[in-house]
Structures are given as C-alpha cells and as structure tokens.
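**Student:** Have a look at this one before I ask anything.
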Amino acid sequence: MTNLRIPGPTPCPPEVLQAMSWQMKWHRGKEFVHTFDDVTTKLKQLARTKGDVYLLTASGTGGLEAAVVNTLSVGDMVLGISNGVFGERFAIIGEKFGAEVIPLNFEYGQAVDPTSVRRILQAKPKIKAVLVTHNETSTGVTNDLASISSVVKEFDKLLLVDAISSLGSISLPIDEWRCDVTVTASQKGWMTPPGMTIVFLSQEALKASATADMPRFYWDFTEIRENSGRPTWTPAVSIVFALSVALDRMLKEGLSNILARHKRIAQITRDGVKALGLQLFVDERYASNTVTAVVAPEGLDVDRLLEILREECQTVLAAGLEKLRGKIFRIGHLGLVTEDDIAQVISALRVALPQAGFRGAG
Ligand SMILES: *Cc1c(COP(=O)(O)O)cnc(C)c1O
C-alpha cells in the first residue's frame, strides 16, 4: 500500500472512505440537515470555539478567499504577514479584491516575529485587519499565533488566520486566541477527502461582514447566516458524510491525544531525518508538528529522490514549492499517521537517498 506522506490530501480511514459511498440525500431534507448540524457541533468542539462555522464546497484557497471578501472592503488597509508560499497567497487574494496590502515578509524557513507586527501596527494605524498563516506548509514553520494574536488584539484589529494545515492537528484554541476568521480544509488533518473548506467566525467577523463591500456571490456569508449556518448552495454531500465519520473518530481519540500524537510523531520524524545525516530546514523551536522540511544536501537530486521513493518504495513525499523547488523536500505527518508510517518513510529514504546522489553519513 502506498505510504502517502504529503501535507494533504492525507490518507483516510476505511470508515471514512465507506461514508463516501453512501447514497445521496436531499441536502435540504431533515436527515441531511441533522447530519450537517451535527458536523458543525463536532467541529466547534474540536476547534474550541462557540462562534459560527461555515462549510463551503471548495479547497482551502476558497476558504481564504471567502475570509477576505466577507470581512473587508475595497481600499481597506491590511497587513499581509508572510513567511512562505501560503502567506504570500493569502496576501495576493487581499490585493486581487482591492485591499491595500502592506506586506510584512520573513525569510522562508524563519518564523514570524510578533515584535515586527507590533512595530508596523504602531506605524500604520489605518490597518484594519491582519492576514497570517498559522502553519506555513511550504517551509514547515509553525508561527507563534498566540503571541501574534495578542499583538493584533492590543491594536484591536481583525485577525484572519490560514490554519489550513494546523487546525485539528496543532493546538489552536480559536476563542482563547481571539481569531476572527480561521480557515481549514477537509483534506488536511481531518482525514477526509478534499472538497470542503471550513471557516470559523467570531462575533467581530460577523459584524465586519455586515458592512464589508468586496464583491462576492458564491462565498457570501449573509445567506448562510440567515439559514442558521447551513449551506446556500448544494454542498459536497459525500464530503459531509465522510467528515462526520472522521470527526467521530477524532472525538473518540480526544483532542489532547490527537495533538500529543502529532507532536510525538513530528519529533520522531525530525530525529529520523537527522539520523540519516540530513539537516532540517527550520529551527526545531518552531518546527511544525504536521510537516517537516528537509534540506537537500549538495549532490542530491530531489526530483529523482521523490521519483525513486514513489516508484520503488511506494512512498510519496512532497517537493519544495516555487523557489524552494530542488532545495528541500517535505514529509507530511498529519491526520491519519502512526509511528510505523514514519519508520517506513525513514527506511525508504535510507534506500533511496544513495541512489539519488546523497553521499552523506547514516
Ligand atoms: C494546503 C494549504 C493551502 C491550500 O489549500 P488548497 O486546499 O490546496 O486550496 C493553503 N494554506 C496552507 C497553509 C495549506 O497547507
């Protein structure tokens, strides 16, 4: 069986796959609405929020766009914090819809520094909202969202968070950290196929959505809100079934056990990588618990390595994105993942690395 270790889509448990084959239900009927409302209740429990949660039929990027267009107006000044490809994407979405985005960029592989956030919020009082990525999947950095949030709230700004690859796997108590919009997607830590983005909203975000004037139609929260949080358009019915089953599994394991498992497995991954004689791309102080980026040493052909892993070791890892292509590779360890899965990745690397030009120790 293929060992799929990329930061999404992630493997699904058998019972989740089975739910994907259930017969369709009328999406406005009593039975489906009951399942849907139950899914939202379970999501709020795992995300530790009493706010609203909306499910939109889209990948995570759709959720980021929904977050922007429902809370901002054309011409609004926003701070776009970025330390990787996904932070940049969030800022680009803001720009495309007419926000005046002030960029705050950190080197790829570095974490966001909350004191720089404070400095810029002090200097630019017109900033209305802050866009930030909790877990930067392109580099394997988890930003200190609790500290960033307390700075943002010191200045009373809206906080929009890309938590696509962290929520449900890395601790993110939404209400405690006062996140106004928090976005995730079904195919990351939720062990569900791609197809749904999940957007959590605070009271402040709902208030902002009443006056935000960015153009929107498919993503408009107004009707969802008037319909008790139920979808405006036909939802991905099978994904809702699958998510419901996956959430039951998560609640059975328990949030604290899930977070501890991710932490433990991330450490095993980093230790295994180092034991092979390879270097981690980021400082272990802010290394992610869901994705590990590994530096490609001199002489290693990353594309070749990933190909050998796929073709000969049934192991699928992720390449570096954009300017990190060829410079790093990434191991996803979120959702359905065990110590054994990672032991297999390390064994596969031990076989494939020398064939792809790595002459190091290990
Ligand atoms: C996966 C991911 C995205 C993009 O999600 P899609 O579902 O591919 O649209 C955005 N941000 C982060 C941090 C991600 O990990």
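Ordered as shown in the structure tokens, chains take letters A, B, and onward, while each chain numbers its residues from 1 and ligands are numbered from 1 in the order shown.
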Run DSSP on the backbone and tell me which residues of range 96-202 of chain A come out as strand (DSSP E or B); list them as a PyMOL selection string.
**Tutor:** chain A and resi 100-105+127-133+135-136+141-142+158-162+181-185+196-201
**Student:** Could you please extract the residues within 7 Å of ligand 1, counting only C-alpha atoms and all ligand atoms, and hand them back as a ChimeraX atom specification?
**Tutor:** /A:7-8,59-62,86,133,135-137,162-165,185
**Student:** Find the residue from A:Pro235, A:Asp341, A:Ile308, A:Ala287 that sits nearest to Arg28 in chain A; use only C-alpha atoms when measuring.
**Tutor:**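 Comparing A:Pro235, A:Asp341, A:Ile308, A:Ala287 against Arg28 in chain A, the winner is A:Pro235.
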**Student:** Determine, counting only C-alpha atoms, which protein, DNA and RNA residues have an atom within 8 Å of an atom of Val69 in chain A; residues of the same chain fewer than 5 positions away are not included. Present the result as a PyMOL selection string.
**Tutor:** chain A and resi 97+212-216+219
**Student:** For Pro354 in chain A, which of A:Lys153, A:Arg304, A:Arg325, A:His27 is the closest residue, counting only C-alpha atoms?
**Tutor:** A:Arg304
**Student:** Counting only C-alpha atoms, which residue out of A:Gly84, A:Gly335, A:Pro114, A:Gly360 sits closest to Gly299 in chain A?
**Tutor:**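 Between A:Gly84, A:Gly335, A:Pro114, A:Gly360, the residue approaching Gly299 in chain A most closely is A:Gly360.
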**Student:** Please, what distance in Å, to one decimal, runs between CA of Ser116 in chain A and CA of Leu104 in chain A?
**Tutor:**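 Spanning CA of Ser116 in chain A to CA of Leu104 in chain A is a straight-line distance of 8.2 Å.
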**Student:** If we count only C-alpha atoms and set the cut-off at 10 Å, which residues sit around Cys313 in chain A, ignoring sequence neighbours fewer than 6 positions away in its own chain? Please answer as an MDAnalysis selection string.
**Tutor:** chainID A and resid 1:3 306:307 344:345 347:349 351:352
**Student:** Just the selected residues (all heavy atoms), exported as an mmCIF file, in the first residue's frame, please.
**Tutor:**
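The new file result19.cif reads:
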data_model
loop_
_atom_site.group_PDB
_atom_site.id
_atom_site.type_symbol
_atom_site.label_atom_id
_atom_site.label_comp_id
_atom_site.auth_asym_id
_atom_site.auth_seq_id
_atom_site.Cartn_x
_atom_site.Cartn_y
_atom_site.Cartn_z
ATOM 1 N N MET A 1 0.839 -1.214 0.000
ATOM 2 C CA MET A 1 0.000 0.000 0.000
ATOM 3 C C MET A 1 0.866 1.253 0.000
ATOM 4 O O MET A 1 1.892 1.284 0.664
ATOM 5 C CB MET A 1 -0.928 0.003 1.215
ATOM 6 C CG MET A 1 -2.332 0.417 0.864
ATOM 7 S SD MET A 1 -3.470 0.317 2.276
ATOM 8 C CE MET A 1 -2.625 1.259 3.531
ATOM 9 N N THR A 2 0.437 2.250 -0.733
ATOM 10 C CA THR A 2 1.228 3.486 -0.809
ATOM 11 C C THR A 2 1.236 4.219 0.524
ATOM 12 O O THR A 2 0.200 4.356 1.164
ATOM 13 C CB THR A 2 0.646 4.420 -1.896
ATOM 14 O OG1 THR A 2 0.642 3.712 -3.131
ATOM 15 C CG2 THR A 2 1.469 5.678 -2.039
ATOM 16 N N ASN A 3 2.407 4.665 0.917
ATOM 17 C CA ASN A 3 2.550 5.473 2.124
ATOM 18 C C ASN A 3 2.520 6.940 1.680
ATOM 19 O O ASN A 3 3.535 7.489 1.262
ATOM 20 C CB ASN A 3 3.866 5.099 2.816
ATOM 21 C CG ASN A 3 3.951 5.600 4.252
ATOM 22 O OD1 ASN A 3 2.975 6.110 4.810
ATOM 23 N ND2 ASN A 3 5.116 5.464 4.853
ATOM 24 N N LEU A 306 12.420 11.774 -5.081
ATOM 25 C CA LEU A 306 10.976 11.608 -4.907
ATOM 26 C C LEU A 306 10.441 10.556 -5.876
ATOM 27 O O LEU A 306 9.525 9.794 -5.538
ATOM 28 C CB LEU A 306 10.251 12.952 -5.078
ATOM 29 C CG LEU A 306 10.650 14.041 -4.065
ATOM 30 C CD1 LEU A 306 9.885 15.336 -4.335
ATOM 31 C CD2 LEU A 306 10.416 13.579 -2.624
ATOM 32 N N GLU A 307 11.037 10.498 -7.067
ATOM 33 C CA GLU A 307 10.628 9.515 -8.067
ATOM 34 C C GLU A 307 10.980 8.091 -7.603
ATOM 35 O O GLU A 307 10.150 7.182 -7.685
ATOM 36 C CB GLU A 307 11.318 9.834 -9.393
ATOM 37 C CG GLU A 307 10.794 9.030 -10.561
ATOM 38 C CD GLU A 307 11.539 9.355 -11.858
ATOM 39 O OE1 GLU A 307 12.678 9.880 -11.798
ATOM 40 O OE2 GLU A 307 10.983 9.050 -12.920
ATOM 41 N N GLN A 344 8.564 3.748 8.261
ATOM 42 C CA GLN A 344 8.630 3.301 6.857
ATOM 43 C C GLN A 344 9.225 4.376 5.958
ATOM 44 O O GLN A 344 9.980 4.075 5.036
ATOM 45 C CB GLN A 344 7.238 2.921 6.358
ATOM 46 C CG GLN A 344 6.825 1.511 6.779
ATOM 47 C CD GLN A 344 5.426 1.170 6.299
ATOM 48 O OE1 GLN A 344 5.016 1.574 5.212
ATOM 49 N NE2 GLN A 344 4.688 0.436 7.113
ATOM 50 N N VAL A 345 8.858 5.646 6.214
ATOM 51 C CA VAL A 345 9.413 6.751 5.420
ATOM 52 C C VAL A 345 10.932 6.792 5.591
ATOM 53 O O VAL A 345 11.677 6.914 4.604
ATOM 54 C CB VAL A 345 8.790 8.112 5.838
ATOM 55 C CG1 VAL A 345 9.566 9.276 5.234
ATOM 56 C CG2 VAL A 345 7.324 8.182 5.438
ATOM 57 N N SER A 347 12.974 4.373 6.518
ATOM 58 C CA SER A 347 13.586 3.210 5.847
ATOM 59 C C SER A 347 13.658 3.426 4.343
ATOM 60 O O SER A 347 14.660 3.092 3.706
ATOM 61 C CB SER A 347 12.781 1.935 6.091
ATOM 62 O OG SER A 347 12.633 1.721 7.454
ATOM 63 N N ALA A 348 12.579 3.966 3.781
ATOM 64 C CA ALA A 348 12.547 4.203 2.335
ATOM 65 C C ALA A 348 13.613 5.234 1.954
ATOM 66 O O ALA A 348 14.310 5.078 0.945
ATOM 67 C CB ALA A 348 11.157 4.689 1.923
ATOM 68 N N LEU A 349 13.763 6.259 2.765
ATOM 69 C CA LEU A 349 14.785 7.279 2.489
ATOM 70 C C LEU A 349 16.176 6.651 2.541
ATOM 71 O O LEU A 349 17.044 6.975 1.715
ATOM 72 C CB LEU A 349 14.684 8.436 3.500
ATOM 73 C CG LEU A 349 13.602 9.481 3.216
ATOM 74 C CD1 LEU A 349 13.422 10.401 4.424
ATOM 75 C CD2 LEU A 349 13.936 10.308 1.972
ATOM 76 N N VAL A 351 17.056 3.773 1.715
ATOM 77 C CA VAL A 351 17.285 3.033 0.463
ATOM 78 C C VAL A 351 17.473 3.990 -0.714
ATOM 79 O O VAL A 351 18.368 3.823 -1.538
ATOM 80 C CB VAL A 351 16.067 2.100 0.180
ATOM 81 C CG1 VAL A 351 16.148 1.503 -1.212
ATOM 82 C CG2 VAL A 351 15.981 1.016 1.254
ATOM 83 N N ALA A 352 16.614 5.009 -0.776
ATOM 84 C CA ALA A 352 16.563 5.855 -1.979
ATOM 85 C C ALA A 352 17.634 6.943 -2.019
ATOM 86 O O ALA A 352 18.082 7.325 -3.106
ATOM 87 C CB ALA A 352 15.173 6.489 -2.087
#
**Student:** Identify, on the basis of only C-alpha atoms, every residue whose closest approach to Pro194 in chain A does not exceed 7 Å; exclude the query and any residue fewer than 6 positions from it along the same chain; express the result as a list in words.
**Tutor:**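 Counting only the stated atoms, we get Pro9, Ser59, Ser186 and Gln187 of chain A.
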**Student:** Please produce a file of those selected residues containing all heavy atoms, as a compact mmCIF listing (two decimals), in the first residue's frame.
**Tutor:**
# COMPACT_ATOMS: atom_id res chain seq x y z
N PRO A 9 -3.58 16.02 -0.05
CA PRO A 9 -4.54 15.21 0.70
C PRO A 9 -3.84 14.13 1.54
O PRO A 9 -2.80 13.62 1.16
CB PRO A 9 -5.42 14.58 -0.37
CG PRO A 9 -4.72 14.77 -1.67
CD PRO A 9 -3.76 15.87 -1.51
N SER A 59 -11.72 23.91 -2.10
CA SER A 59 -10.48 23.58 -1.39
C SER A 59 -10.17 24.73 -0.44
O SER A 59 -10.92 25.72 -0.37
CB SER A 59 -9.34 23.34 -2.38
OG SER A 59 -8.83 24.56 -2.84
N SER A 186 -10.86 20.09 4.44
CA SER A 186 -11.15 18.69 4.79
C SER A 186 -9.98 17.74 4.58
O SER A 186 -9.84 16.76 5.31
CB SER A 186 -12.37 18.21 3.99
OG SER A 186 -12.16 18.37 2.59
N GLN A 187 -9.13 18.03 3.58
CA GLN A 187 -8.09 17.05 3.19
C GLN A 187 -6.79 17.16 3.98
O GLN A 187 -5.83 16.49 3.66
CB GLN A 187 -7.78 17.19 1.70
CG GLN A 187 -6.82 18.31 1.31
CD GLN A 187 -7.45 19.68 1.18
OE1 GLN A 187 -8.53 19.91 1.67
NE2 GLN A 187 -6.77 20.60 0.51
**Student:** Excluding Ile342 in chain A and any residue of its chain fewer than 3 positions from it, enumerate the residues within 8 Å of it, using only C-alpha atoms, and give them as a PyMOL selection string.
**Tutor:** chain A and resi 265+268-269+333+337-339+345-346
**Student:** Choose the residue, out of A:Leu243, A:Leu121, A:Ala111, A:Ala67, that has the smallest atom-to-atom separation from Val161 in chain A; count only C-alpha atoms.
**Tutor:**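 Counting only C-alpha atoms, the residue closest to Val161 in chain A is A:Ala67.
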**Student:** Between CA of Glu100 in chain A and CA of Val78 in chain A, what is the distance, to one decimal in Å?
**Tutor:** 6.1 Å
**Student:** When DSSP is applied to the backbone of this structure, which of range 64-200 of chain A are assigned alpha helix (DSSP H)? Write them out as a ChimeraX atom specification.
**Tutor:** /A:64-71,85-96,114-123,145-154
